[in-house]
Amino acid sequence: MIKARLKERLDQCFVEGIEKGFWTDSAADLYSVEEPKQVAHGDFSTNMAMIVAGREKRKPRDVAQQLAGMLSLHKDLVHKVDVAGPGFVNVFINKDEWQKVLYVVCELNENYGPANVGNGKKVLVEFVSANPTGPLSVGHGRQAVLGDAVARLLSETGHEVTREYYYNDAGRQMRVLGESTRARYLELLGLPAEFPEDGYQGRYIRDIAHELVEEKGDTLKDAPDEIPFKEKAEKVIFDDINNTLGRLGIRFDNYYNEHSLYENGHVDEVVNLLRERGLVYDQDGAVWFKTTDFGHDKDRVIIKSSGEPTYRLPDIAYHREKFRRGYDWMVDIFGSDHIATVPDVLAGIKALGYNDEKVTVVIHQFVTLMRDGKQVKMSTRKATFVTVDELLDEVGPDVVRFFFLMRRADSQLEFDLDLATKESQENPVYYVQYGHARLASIAKQAEAKGVKAGNLDAAAVHLLALPEEINMLKAMASYPDLVTNAALALEPHRLIFFLQDLAGQFHSYYNKHRVLSDDQELSRARLWLAEGLRIVFRNGLTLLGLTAPEIM
RNA sequence: GCGCCAGUAGCUCAGUUGGAUAGAGCAACGGACUUCUAAUCCGUAGGUCGGGGGUUCGAAUCCUCCCUGGCGCGCCA
């Protein structure tokens, strides 16, 4: 908020400079306000002088002097202005501006957070979208948590968010699932069974078969097809997936069945529309989509010669429906193994006359699981995968969520089970949560001692003048912008890093200075600071779906 | 062979979209509990930002060419 205010003043100075004939408007909108890494460089700095100088062939430091002269007159906000380096103008903000941040935080309390940049924009966030062929594995876990955090961030910034899970219970995968279950069922009955070559070998299939035996006895042994087995397996597995998601605190608003796109004729419509536009042709008995018209290296089959569509066609139809359902922004969270589908879907959307810029695809890289210092190789078909449920059993939802959010989606995520399962101080999630718990504890301690914080007033706030205190206030001040930017960039990890940093500042402060002391006025002031910090920790943690414990 | 993503301290990773002397955690070493919670803190050490070239006032960040790893490149999803 202070940064925005400074930017306004800077804009004023820029205009003033034009009026005074210092420079022209050639640098308009090109300069920026930054937060320097070094304290000596002030609270903020601007590169305006260098931009102006570059465009008008002048000496940057001369321009900087002119700017500094004007900016330093804004004494209500600015304490000091320096010209430094190649032409930076460094700005030191009045200390009490930082102190006043505490009013805002404490007053807004749970509402202290990002701006309403969404303005009611309707956003569809699609994620997980795993077909019900098995329990959620670690890879799905990352996607589930990432998608949920993105949805939470968007929601918090004033977007109207729908969380959607897209699935297909009619394809070949599901047939194999049914056949795998049937084979296990027959085995349990002691009957000859042929397990499909590419069947699902996980233990859960046996468990489902076992349930079937208990419920139906041997009445299904002569079933004409795998359908009753498929249906049972699908139901059990979907329940299991939803249970896992529930444990992670994730709820979907909508489950979208691919099959409905056929029933409603949307798939056929898409083919017809593309055909009308001459973007589809028949060859070798198959129907092809002319993706080369969109710059791709080759055309793609959308209906096989068998008459069955490939996955691309319903995917395109599905995204068309997203547009037709009136969403302003569609966010897809995909694993990197689905990257090939993205250009095809976008081409399809464009071909149908929709603006593909309204679709943002977040591709997350894979999770590498480390156990006993070695990488665990995983495969859904074979029994060699670690489920999200197993992780949750071992470390609980907070650690799972935190670990999955610690990294940029772009980078591969190493999930160290040895570390995550260790309930020790090495776990960064405890570090942050402990900060909150300590703050809560201070409040309780104050109450027990009869120390009253009283009203938050100027007298109290001015006592918060230590560099550590000002720095924490600065961090608190930057929280709303940070969350806003994290939301718009779809990057929850920024908030994780913010919280870790703030926790570091606070723990350090805690060890050096006492909140509650013999000095009543100072205690009062610091109690308010503690309250502000607690609010920011709590808001940040809950925004990411993490708990903010009072006691640890 | 082609496309996407990555390569930053011993390890795992940030780096505000081009800013000033590149940061954190873990691991290592040495310290701090009669005090609001030691799940904490303080100190030390650690770097050719994969490599070469280019763009400009200025590059970890942008363009280009190589190297390495991951994921794809199907009438599988």
# chains A, B, ... in the order shown; residues from 1 in each chain; ligands from 1

call {"tool": "residues_around", "arguments": {"residues": "C26 of chain B", "least_positions_apart": "4", "cutoff": "12 Å", "atoms": "only C-alpha atoms (C1' of nucleotides)", "output": "PyMOL selection string"}}
result
(chain A and resi 416+419+425-428) or (chain B and resi 9-13)

call {"tool": "select_by_dssp", "arguments": {"residues": "segment 150-354 of chain A", "states": "helix (DSSP H, G or I)", "output": "ChimeraX atom specification"}}
result
/A:150-156,172-188,203-216,227-247,258-263,266-276,291-294,312-324,336-338,341-351

call {"tool": "interface_residues", "arguments": {"of": "chain B", "to": "chain A", "cutoff": "12 Å", "atoms": "only C-alpha atoms (C1' of nucleotides)", "output": "number ranges by chain"}}
result
B: 2-7, 11-27, 32-33, 35-42, 56-58, 69-77

call {"tool": "closest_residue", "arguments": {"among": "A:Val101, A:Ala27, A:Val138, A:Val342", "to": "Glu56 of chain A", "atoms": "only C-alpha atoms"}}
result
A:Ala27

call {"tool": "atom_distance", "arguments": {"atom1": "atom CA of Thr484 of chain A", "atom2": "atom CA of Thr157 of chain A"}}
result
6.4 Å

call {"tool": "residues_around", "arguments": {"residues": "Phe498 of chain A", "least_positions_apart": "6", "cutoff": "9 Å", "atoms": "only C-alpha atoms (C1' of nucleotides)", "output": "ChimeraX atom specification"}}
result
/A:475,479,482,540

call {"tool": "write_last_selection", "arguments": {"atoms": "N, CA, C and O atoms", "output": "PDB file, in the first residue's frame"}}
result
ATOM      1  N   ALA A 475       7.347  -6.120   6.133  1.00  0.00           N
ATOM      2  CA  ALA A 475       6.912  -7.402   5.573  1.00  0.00           C
ATOM      3  C   ALA A 475       5.393  -7.510   5.643  1.00  0.00           C
ATOM      4  O   ALA A 475       4.734  -7.923   4.679  1.00  0.00           O
ATOM      5  N   TYR A 479       2.389  -7.866   2.462  1.00  0.00           N
ATOM      6  CA  TYR A 479       1.573  -9.087   2.345  1.00  0.00           C
ATOM      7  C   TYR A 479       0.440  -8.995   1.311  1.00  0.00           C
ATOM      8  O   TYR A 479       0.301  -9.888   0.475  1.00  0.00           O
ATOM      9  N   LEU A 482       1.790  -9.144  -2.185  1.00  0.00           N
ATOM     10  CA  LEU A 482       2.401 -10.436  -2.440  1.00  0.00           C
ATOM     11  C   LEU A 482       1.345 -11.472  -2.791  1.00  0.00           C
ATOM     12  O   LEU A 482       1.488 -12.241  -3.742  1.00  0.00           O
ATOM     13  N   GLY A 540      -2.257 -16.052   6.240  1.00  0.00           N
ATOM     14  CA  GLY A 540      -1.461 -16.718   5.209  1.00  0.00           C
ATOM     15  C   GLY A 540      -1.596 -18.220   5.267  1.00  0.00           C
ATOM     16  O   GLY A 540      -1.763 -18.881   4.242  1.00  0.00           O
TER      17      GLY A 540
END
